[in-house]
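The block underneath contains the structure these notes are about, expressed in structure tokens.
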Amino acid sequence: MKHYLKYILTSVLLLTVIGFQPLAAENAHEAQSEKELNVKELILDHLADAYEWHLTSFGDTHISIPLPIIVKGETSGWHVFMSSEFHHGHEAYEGFYIAQEGKYRGKIVEKNASGEEIRPWDISLTKNATSLIISSTLLIIIILSVSKWYRRQAKTGEKKAPKGFVGFMEMFIMSVQDDIIKPCVGKNYRKFSPYLLTVFFFILFNNLLGLIPLFPGGANVTGNIAVTLVLAVFTFFTVNLFGSKEYWKEVFWPDVPTWLKVPIPIMPAIELVGVFTKPFALMIRLFANILAGHSIVLGLTCLIFVTANLGAVINSSMTVVSVLLTIFISLVEILVAYIQAYVFTMLSAVFIGLAQIEPHHHAEKH
């Protein structure tokens, strides 16, 4: 066990040092031209989505992977080209360019006839979208490779216990099903297990991939509110489309004194609001926790550059502190990656279970 811990710590240290090399190189150059480093803007820029996948920088040379741009202009129609045409956001191409300031900062814009910046129809493949495709593909390959072993067992009629990676995945899947889904959903848990297992592994895999600062990791997928919104909407529809009659009765005609329901529907209004606040809480919780974790890591890294002008002794000591704290937070983030997947799945299962309430369950309470 000690050997495994040693390898894990060594790997985290190497990933931290190598992974933040692009950040160090880029901001060391900026620190020479700017007296004061704007930590807030730096963190927001690195957490934001992008039209290219930045890998590293050597002085003025930026190495990145260009991504396809698909936009429809107000009058010029559809355009398809690679993001390299923007030359890292410094030049325009076919009337389109990436806004450097204002409400459309970081987004592709064009100018209309009156000279105002407007947003075209933009369905470009951004960094987060590319990461979603990569992570989903890898996750599908992993799950299919596990299921292939069971299909082979079924064909041959063998009944061997799975070992290695397949055994690990079976233990993982069964623990989620037996410890989260089954007790929270109830007797209909098999009906919702595919969705809840998919949500758990999707969130966990993207959380872990976001902690790896090397390609294809490093994208802020689950720290993007659009992604957490879609996940929350899926849970919202799963809860309410499959809700029992008793569930809807409890929403529109709850078991409370009549004067709380008519003539002013106080309790039905509160219950109806609760239908929407539950998925909203799911969305904000996952988004805020993952975003906060990435922000802390970047903020600690910036300590090196903030103290660059305070002398060699202070800067050296803060560099050591920054690296040690960054490694510690990175290890904590690995735990947080699992916890957030666990919490989102558990709460979704609880909400689904509450919507499966049956009349005799309600009667037992009285």
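Here's how to read the names in the structure tokens: chain A, B, ... by the order shown, residue numbers from 1 in each chain, ligand numbers from 1 in the order shown.
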
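For region 343-350 of chain A, the set of protein, DNA and RNA residues having any atom at most 9 Å away, when counting only C-alpha atoms and skipping those fewer than 4 positions along the same chain, is Val176, Ile180, Ile181, Lys182, Pro183, Cys184, Val185, Tyr189, Phe192, Leu196, Leu197, Val199, Phe200, Ile203, Ala232, Thr235, Phe236, Val239, Lys278, Pro279, Leu282, Met283, Arg285, Leu286, Tyr338, Ile339, Leu354 and Ala355 of chain A.
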
Once DSSP has gone over the backbone, tell me which residues of region 158-349 of chain A are in helix (DSSP H, G or I), as number ranges by chain. A: 164-185, 189-211, 225-241, 245-252, 258-260, 266-306, 312-349

I'd like the contact shell of region 290-298 of chain A - 8 Å cut-off, only C-alpha atoms, skipping same-chain residues fewer than 4 positions apart - returned as a ChimeraX atom specification. /A:43,47,207,220,222-224,286,302,326,329-330,333,337

Just all heavy atoms for this one: save the residues we selected as an mmCIF file, in the first residue's frame.
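Once everything was written out, this is again_8.cif:
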data_model
loop_
_atom_site.group_PDB
_atom_site.id
_atom_site.type_symbol
_atom_site.label_atom_id
_atom_site.label_comp_id
_atom_site.auth_asym_id
_atom_site.auth_seq_id
_atom_site.Cartn_x
_atom_site.Cartn_y
_atom_site.Cartn_z
ATOM 1 N N ILE A 43 -7.730 33.659 -13.819
ATOM 2 C CA ILE A 43 -8.476 32.454 -13.436
ATOM 3 C C ILE A 43 -9.716 32.291 -14.298
ATOM 4 O O ILE A 43 -10.007 31.192 -14.787
ATOM 5 C CB ILE A 43 -8.851 32.512 -11.942
ATOM 6 C CG1 ILE A 43 -7.586 32.427 -11.085
ATOM 7 C CG2 ILE A 43 -9.816 31.391 -11.574
ATOM 8 C CD1 ILE A 43 -7.839 32.602 -9.595
ATOM 9 N N LEU A 47 -10.632 29.172 -16.892
ATOM 10 C CA LEU A 47 -11.804 28.335 -16.614
ATOM 11 C C LEU A 47 -12.858 28.441 -17.716
ATOM 12 O O LEU A 47 -13.729 27.573 -17.817
ATOM 13 C CB LEU A 47 -12.428 28.724 -15.265
ATOM 14 C CG LEU A 47 -11.598 28.424 -14.016
ATOM 15 C CD1 LEU A 47 -12.330 28.926 -12.778
ATOM 16 C CD2 LEU A 47 -11.315 26.936 -13.891
ATOM 17 N N ASN A 207 -15.108 14.648 -14.125
ATOM 18 C CA ASN A 207 -14.437 15.295 -12.993
ATOM 19 C C ASN A 207 -12.962 14.921 -12.936
ATOM 20 O O ASN A 207 -12.085 15.765 -12.769
ATOM 21 C CB ASN A 207 -15.112 14.897 -11.684
ATOM 22 C CG ASN A 207 -16.444 15.593 -11.468
ATOM 23 O OD1 ASN A 207 -16.811 16.490 -12.217
ATOM 24 N ND2 ASN A 207 -17.163 15.168 -10.455
ATOM 25 N N ASN A 220 -12.845 22.257 -18.404
ATOM 26 C CA ASN A 220 -13.729 22.531 -17.263
ATOM 27 C C ASN A 220 -15.164 22.139 -17.625
ATOM 28 O O ASN A 220 -16.050 22.980 -17.703
ATOM 29 C CB ASN A 220 -13.635 24.018 -16.892
ATOM 30 C CG ASN A 220 -14.384 24.336 -15.621
ATOM 31 O OD1 ASN A 220 -14.478 23.509 -14.720
ATOM 32 N ND2 ASN A 220 -14.923 25.538 -15.540
ATOM 33 N N THR A 222 -17.568 19.772 -16.124
ATOM 34 C CA THR A 222 -18.580 19.778 -15.067
ATOM 35 C C THR A 222 -18.570 21.076 -14.265
ATOM 36 O O THR A 222 -19.436 21.281 -13.415
ATOM 37 C CB THR A 222 -18.355 18.583 -14.113
ATOM 38 O OG1 THR A 222 -16.955 18.458 -13.814
ATOM 39 C CG2 THR A 222 -18.839 17.289 -14.747
ATOM 40 N N GLY A 223 -17.604 21.954 -14.539
ATOM 41 C CA GLY A 223 -17.612 23.291 -13.970
ATOM 42 C C GLY A 223 -18.253 24.288 -14.905
ATOM 43 O O GLY A 223 -18.183 25.495 -14.680
ATOM 44 N N ASN A 224 -18.898 23.778 -15.960
ATOM 45 C CA ASN A 224 -19.634 24.609 -16.914
ATOM 46 C C ASN A 224 -21.115 24.463 -16.596
ATOM 47 O O ASN A 224 -21.668 23.367 -16.626
ATOM 48 C CB ASN A 224 -19.341 24.144 -18.344
ATOM 49 C CG ASN A 224 -19.928 25.070 -19.383
ATOM 50 O OD1 ASN A 224 -21.082 25.467 -19.287
ATOM 51 N ND2 ASN A 224 -19.139 25.409 -20.389
ATOM 52 N N LEU A 286 -23.255 21.000 -8.192
ATOM 53 C CA LEU A 286 -22.175 20.398 -8.977
ATOM 54 C C LEU A 286 -21.316 21.471 -9.631
ATOM 55 O O LEU A 286 -20.082 21.418 -9.576
ATOM 56 C CB LEU A 286 -22.766 19.469 -10.041
ATOM 57 C CG LEU A 286 -21.779 18.769 -10.971
ATOM 58 C CD1 LEU A 286 -20.795 17.913 -10.187
ATOM 59 C CD2 LEU A 286 -22.516 17.923 -12.004
ATOM 60 N N CYS A 302 -1.001 31.031 -8.826
ATOM 61 C CA CYS A 302 -0.720 32.450 -9.079
ATOM 62 C C CYS A 302 0.097 33.094 -7.965
ATOM 63 O O CYS A 302 0.652 34.182 -8.166
ATOM 64 C CB CYS A 302 -2.024 33.216 -9.260
ATOM 65 S SG CYS A 302 -2.880 32.852 -10.811
ATOM 66 N N THR A 326 -0.830 23.224 -3.796
ATOM 67 C CA THR A 326 -1.467 22.801 -5.045
ATOM 68 C C THR A 326 -1.556 21.277 -5.113
ATOM 69 O O THR A 326 -2.577 20.721 -5.531
ATOM 70 C CB THR A 326 -0.675 23.334 -6.252
ATOM 71 O OG1 THR A 326 -0.637 24.768 -6.208
ATOM 72 C CG2 THR A 326 -1.329 22.903 -7.555
ATOM 73 N N ILE A 329 -4.334 20.222 -2.599
ATOM 74 C CA ILE A 329 -5.676 20.496 -3.120
ATOM 75 C C ILE A 329 -6.003 19.563 -4.280
ATOM 76 O O ILE A 329 -7.151 19.126 -4.440
ATOM 77 C CB ILE A 329 -5.807 21.969 -3.560
ATOM 78 C CG1 ILE A 329 -5.652 22.900 -2.345
ATOM 79 C CG2 ILE A 329 -7.141 22.219 -4.240
ATOM 80 C CD1 ILE A 329 -6.740 22.718 -1.297
ATOM 81 N N SER A 330 -5.003 19.225 -5.091
ATOM 82 C CA SER A 330 -5.233 18.295 -6.203
ATOM 83 C C SER A 330 -5.645 16.925 -5.684
ATOM 84 O O SER A 330 -6.525 16.268 -6.258
ATOM 85 C CB SER A 330 -3.970 18.176 -7.061
ATOM 86 O OG SER A 330 -3.641 19.413 -7.655
ATOM 87 N N GLU A 333 -9.121 17.217 -4.530
ATOM 88 C CA GLU A 333 -10.022 17.294 -5.677
ATOM 89 C C GLU A 333 -10.357 15.915 -6.236
ATOM 90 O O GLU A 333 -11.442 15.708 -6.788
ATOM 91 C CB GLU A 333 -9.390 18.155 -6.787
ATOM 92 C CG GLU A 333 -9.521 19.642 -6.564
ATOM 93 C CD GLU A 333 -10.951 20.091 -6.719
ATOM 94 O OE1 GLU A 333 -11.438 20.171 -7.860
ATOM 95 O OE2 GLU A 333 -11.595 20.343 -5.685
ATOM 96 N N ALA A 337 -14.083 14.825 -6.651
ATOM 97 C CA ALA A 337 -14.608 14.324 -7.929
ATOM 98 C C ALA A 337 -15.566 13.158 -7.696
ATOM 99 O O ALA A 337 -16.634 13.077 -8.324
ATOM 100 C CB ALA A 337 -13.458 13.892 -8.837
#

Neighbours of region 131-144 of chain A within 9 Å (only C-alpha atoms; same-chain residues fewer than 4 positions away dropped), as number ranges by chain? A: 126-127, 148-149, 169, 201-202, 205-206, 209, 216-221

Restricted to N, CA and C atoms, what would the selected residues look like written as a short mmCIF file (atom, residue, chain, number, x, y, z; two decimals), in the first residue's frame?
data_model
loop_
_atom_site.label_atom_id
_atom_site.label_comp_id
_atom_site.auth_asym_id
_atom_site.auth_seq_id
_atom_site.Cartn_x
_atom_site.Cartn_y
_atom_site.Cartn_z
N THR A 126 -16.23 23.76 -29.45
CA THR A 126 -15.33 24.40 -28.51
C THR A 126 -14.53 23.36 -27.70
N LYS A 127 -13.70 23.86 -26.81
CA LYS A 127 -12.87 22.98 -25.98
C LYS A 127 -13.72 22.06 -25.11
N LYS A 148 -18.50 -6.78 -22.81
CA LYS A 148 -18.04 -7.81 -23.74
C LYS A 148 -17.60 -9.06 -22.99
N TRP A 149 -16.97 -8.87 -21.83
CA TRP A 149 -16.53 -10.01 -21.03
C TRP A 149 -17.72 -10.83 -20.57
N MET A 169 -14.59 -2.91 -11.99
CA MET A 169 -15.77 -2.22 -12.49
C MET A 169 -17.05 -2.84 -11.94
N PHE A 201 -21.22 7.72 -13.59
CA PHE A 201 -19.93 7.52 -14.26
C PHE A 201 -19.60 8.68 -15.20
N PHE A 202 -20.60 9.30 -15.78
CA PHE A 202 -20.35 10.46 -16.64
C PHE A 202 -19.75 11.60 -15.83
N PHE A 205 -16.17 10.52 -14.41
CA PHE A 205 -15.14 10.47 -15.44
C PHE A 205 -14.74 11.87 -15.89
N ASN A 206 -15.71 12.76 -16.08
CA ASN A 206 -15.38 14.13 -16.49
C ASN A 206 -14.72 14.92 -15.37
N LEU A 209 -11.13 13.61 -15.39
CA LEU A 209 -10.43 14.05 -16.60
C LEU A 209 -10.09 15.54 -16.52
N PRO A 216 -5.84 14.69 -23.16
CA PRO A 216 -7.14 15.34 -23.40
C PRO A 216 -7.84 15.81 -22.14
N GLY A 217 -7.12 15.97 -21.03
CA GLY A 217 -7.72 16.46 -19.81
C GLY A 217 -7.59 17.97 -19.71
N GLY A 218 -8.05 18.49 -18.58
CA GLY A 218 -7.90 19.92 -18.32
C GLY A 218 -9.09 20.78 -18.69
N ALA A 219 -10.09 20.22 -19.36
CA ALA A 219 -11.26 21.02 -19.72
C ALA A 219 -12.20 21.13 -18.52
N ASN A 220 -12.84 22.26 -18.40
CA ASN A 220 -13.73 22.53 -17.26
C ASN A 220 -15.16 22.14 -17.63
N VAL A 221 -15.41 20.84 -17.84
CA VAL A 221 -16.71 20.38 -18.33
C VAL A 221 -17.78 20.46 -17.25
#

Please give the complete set of residues from region 108-294 of chain A that DSSP, run on the backbone, assigns to strand (DSSP E), formatted as a PDB file with N, CA, C and O atoms, in the first residue's frame.
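This went into part20.pdb:
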ATOM      1  N   ILE A 108     -17.194  34.539 -30.425  1.00  0.00           N
ATOM      2  CA  ILE A 108     -17.067  34.990 -31.811  1.00  0.00           C
ATOM      3  C   ILE A 108     -18.154  36.022 -32.100  1.00  0.00           C
ATOM      4  O   ILE A 108     -19.331  35.815 -31.787  1.00  0.00           O
ATOM      5  N   VAL A 109     -17.748  37.150 -32.689  1.00  0.00           N
ATOM      6  CA  VAL A 109     -18.686  38.224 -33.023  1.00  0.00           C
ATOM      7  C   VAL A 109     -18.415  38.713 -34.446  1.00  0.00           C
ATOM      8  O   VAL A 109     -17.398  38.379 -35.061  1.00  0.00           O
ATOM      9  N   GLU A 110     -19.345  39.500 -34.943  1.00  0.00           N
ATOM     10  CA  GLU A 110     -19.174  40.222 -36.205  1.00  0.00           C
ATOM     11  C   GLU A 110     -19.826  41.586 -36.053  1.00  0.00           C
ATOM     12  O   GLU A 110     -20.505  41.836 -35.040  1.00  0.00           O
ATOM     13  N   LYS A 111     -19.629  42.464 -37.013  1.00  0.00           N
ATOM     14  CA  LYS A 111     -20.226  43.793 -36.945  1.00  0.00           C
ATOM     15  C   LYS A 111     -21.343  43.911 -37.971  1.00  0.00           C
ATOM     16  O   LYS A 111     -21.192  43.481 -39.116  1.00  0.00           O
ATOM     17  N   GLU A 117     -21.235  45.320 -32.480  1.00  0.00           N
ATOM     18  CA  GLU A 117     -20.855  43.922 -32.355  1.00  0.00           C
ATOM     19  C   GLU A 117     -22.089  43.066 -32.076  1.00  0.00           C
ATOM     20  O   GLU A 117     -22.859  43.358 -31.159  1.00  0.00           O
ATOM     21  N   ILE A 118     -22.281  42.047 -32.881  1.00  0.00           N
ATOM     22  CA  ILE A 118     -23.402  41.131 -32.689  1.00  0.00           C
ATOM     23  C   ILE A 118     -22.877  39.698 -32.735  1.00  0.00           C
ATOM     24  O   ILE A 118     -21.814  39.428 -33.296  1.00  0.00           O
ATOM     25  N   TRP A 121     -24.971  33.070 -35.408  1.00  0.00           N
ATOM     26  CA  TRP A 121     -25.321  31.713 -34.981  1.00  0.00           C
ATOM     27  C   TRP A 121     -24.023  30.931 -34.862  1.00  0.00           C
ATOM     28  O   TRP A 121     -23.274  30.789 -35.814  1.00  0.00           O
ATOM     29  N   ASP A 122     -23.769  30.428 -33.658  1.00  0.00           N
ATOM     30  CA  ASP A 122     -22.466  29.814 -33.373  1.00  0.00           C
ATOM     31  C   ASP A 122     -22.663  28.388 -32.849  1.00  0.00           C
ATOM     32  O   ASP A 122     -23.129  28.190 -31.726  1.00  0.00           O
TER      33      ASP A 122
END

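CA of Leu125 (chain A) lies 7.6 Å from CA of Ile70 (chain A).
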
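CA of Gly73 (chain A) is positioned 12.1 Å from CA of Ala113 (chain A).
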
Need to verify the contact set: His54 (chain A), 12 Å, only C-alpha atoms, exclusion of same-chain residues closer than 3 positions in sequence. Can you return it as a PyMOL selection string? chain A and resi 19-23+26+45-46+49-51+57+61-67+83-84+88-89+126-127+213-219

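Residues surrounding Val166 (chain A) within 9 Å are Ser145, Val146, Ser147, Trp149, Pro162, Lys163, Met169, Glu170 and Met171 of chain A [only C-alpha atoms; sequence separation below 3 positions excluded].
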
Could you write out that same residue set with all heavy atoms as a PDB file, in the first residue's frame?
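Produced file selection_9.pdb, reproduced below:
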ATOM      1  N   SER A 145     -16.239  -2.630 -23.158  1.00  0.00           N
ATOM      2  CA  SER A 145     -15.218  -3.660 -22.945  1.00  0.00           C
ATOM      3  C   SER A 145     -15.564  -4.537 -21.749  1.00  0.00           C
ATOM      4  O   SER A 145     -15.288  -5.743 -21.750  1.00  0.00           O
ATOM      5  CB  SER A 145     -13.846  -3.005 -22.738  1.00  0.00           C
ATOM      6  OG  SER A 145     -13.838  -2.232 -21.548  1.00  0.00           O
ATOM      7  N   VAL A 146     -16.191  -3.945 -20.733  1.00  0.00           N
ATOM      8  CA  VAL A 146     -16.622  -4.729 -19.570  1.00  0.00           C
ATOM      9  C   VAL A 146     -17.790  -5.637 -19.941  1.00  0.00           C
ATOM     10  O   VAL A 146     -17.818  -6.818 -19.595  1.00  0.00           O
ATOM     11  CB  VAL A 146     -17.014  -3.800 -18.400  1.00  0.00           C
ATOM     12  CG1 VAL A 146     -17.605  -4.603 -17.240  1.00  0.00           C
ATOM     13  CG2 VAL A 146     -15.807  -3.000 -17.921  1.00  0.00           C
ATOM     14  N   SER A 147     -18.773  -5.075 -20.666  1.00  0.00           N
ATOM     15  CA  SER A 147     -19.943  -5.875 -21.057  1.00  0.00           C
ATOM     16  C   SER A 147     -19.552  -6.998 -22.021  1.00  0.00           C
ATOM     17  O   SER A 147     -20.191  -8.058 -22.039  1.00  0.00           O
ATOM     18  CB  SER A 147     -21.003  -4.980 -21.692  1.00  0.00           C
ATOM     19  OG  SER A 147     -20.546  -4.433 -22.915  1.00  0.00           O
ATOM     20  N   TRP A 149     -16.968  -8.871 -21.834  1.00  0.00           N
ATOM     21  CA  TRP A 149     -16.525 -10.013 -21.035  1.00  0.00           C
ATOM     22  C   TRP A 149     -17.722 -10.834 -20.570  1.00  0.00           C
ATOM     23  O   TRP A 149     -17.697 -12.063 -20.611  1.00  0.00           O
ATOM     24  CB  TRP A 149     -15.739  -9.508 -19.830  1.00  0.00           C
ATOM     25  CG  TRP A 149     -15.127 -10.610 -19.003  1.00  0.00           C
ATOM     26  CD1 TRP A 149     -13.899 -11.172 -19.148  1.00  0.00           C
ATOM     27  CD2 TRP A 149     -15.735 -11.282 -17.881  1.00  0.00           C
ATOM     28  NE1 TRP A 149     -13.695 -12.150 -18.210  1.00  0.00           N
ATOM     29  CE2 TRP A 149     -14.804 -12.250 -17.411  1.00  0.00           C
ATOM     30  CE3 TRP A 149     -16.970 -11.166 -17.243  1.00  0.00           C
ATOM     31  CZ2 TRP A 149     -15.071 -13.076 -16.333  1.00  0.00           C
ATOM     32  CZ3 TRP A 149     -17.238 -11.992 -16.168  1.00  0.00           C
ATOM     33  CH2 TRP A 149     -16.305 -12.935 -15.722  1.00  0.00           C
ATOM     34  N   PRO A 162     -15.163 -12.428 -12.286  1.00  0.00           N
ATOM     35  CA  PRO A 162     -14.323 -11.471 -13.016  1.00  0.00           C
ATOM     36  C   PRO A 162     -13.114 -11.047 -12.198  1.00  0.00           C
ATOM     37  O   PRO A 162     -13.178 -10.936 -10.976  1.00  0.00           O
ATOM     38  CB  PRO A 162     -15.272 -10.294 -13.258  1.00  0.00           C
ATOM     39  CG  PRO A 162     -16.291 -10.395 -12.178  1.00  0.00           C
ATOM     40  CD  PRO A 162     -16.468 -11.869 -11.925  1.00  0.00           C
ATOM     41  N   LYS A 163     -12.012 -10.808 -12.876  1.00  0.00           N
ATOM     42  CA  LYS A 163     -10.789 -10.378 -12.223  1.00  0.00           C
ATOM     43  C   LYS A 163     -10.265  -9.106 -12.877  1.00  0.00           C
ATOM     44  O   LYS A 163     -10.731  -8.700 -13.936  1.00  0.00           O
ATOM     45  CB  LYS A 163      -9.728 -11.481 -12.307  1.00  0.00           C
ATOM     46  CG  LYS A 163     -10.119 -12.787 -11.604  1.00  0.00           C
ATOM     47  CD  LYS A 163      -9.026 -13.829 -11.755  1.00  0.00           C
ATOM     48  CE  LYS A 163      -9.409 -15.127 -11.073  1.00  0.00           C
ATOM     49  NZ  LYS A 163      -8.363 -16.170 -11.221  1.00  0.00           N
ATOM     50  N   MET A 169     -14.587  -2.911 -11.989  1.00  0.00           N
ATOM     51  CA  MET A 169     -15.767  -2.217 -12.488  1.00  0.00           C
ATOM     52  C   MET A 169     -17.046  -2.842 -11.944  1.00  0.00           C
ATOM     53  O   MET A 169     -18.002  -2.130 -11.622  1.00  0.00           O
ATOM     54  CB  MET A 169     -15.772  -2.223 -14.013  1.00  0.00           C
ATOM     55  CG  MET A 169     -14.743  -1.307 -14.650  1.00  0.00           C
ATOM     56  SD  MET A 169     -14.965   0.437 -14.195  1.00  0.00           S
ATOM     57  CE  MET A 169     -16.576   0.780 -14.915  1.00  0.00           C
ATOM     58  N   GLU A 170     -17.080  -4.179 -11.846  1.00  0.00           N
ATOM     59  CA  GLU A 170     -18.272  -4.830 -11.290  1.00  0.00           C
ATOM     60  C   GLU A 170     -18.479  -4.407  -9.836  1.00  0.00           C
ATOM     61  O   GLU A 170     -19.607  -4.106  -9.420  1.00  0.00           O
ATOM     62  CB  GLU A 170     -18.144  -6.347 -11.366  1.00  0.00           C
ATOM     63  CG  GLU A 170     -19.346  -7.067 -10.776  1.00  0.00           C
ATOM     64  CD  GLU A 170     -19.219  -8.563 -10.782  1.00  0.00           C
ATOM     65  OE1 GLU A 170     -18.872  -9.114 -11.842  1.00  0.00           O
ATOM     66  OE2 GLU A 170     -19.455  -9.180  -9.727  1.00  0.00           O
ATOM     67  N   MET A 171     -17.391  -4.371  -9.066  1.00  0.00           N
ATOM     68  CA  MET A 171     -17.481  -3.946  -7.667  1.00  0.00           C
ATOM     69  C   MET A 171     -17.984  -2.509  -7.578  1.00  0.00           C
ATOM     70  O   MET A 171     -18.846  -2.181  -6.749  1.00  0.00           O
ATOM     71  CB  MET A 171     -16.112  -4.061  -7.013  1.00  0.00           C
ATOM     72  CG  MET A 171     -16.067  -3.591  -5.562  1.00  0.00           C
ATOM     73  SD  MET A 171     -14.384  -3.427  -4.938  1.00  0.00           S
ATOM     74  CE  MET A 171     -13.793  -2.031  -5.908  1.00  0.00           C
TER      75      MET A 171
END

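CA of Ala48 (chain A) sits 20.3 Å away from CA of Glu85 (chain A).
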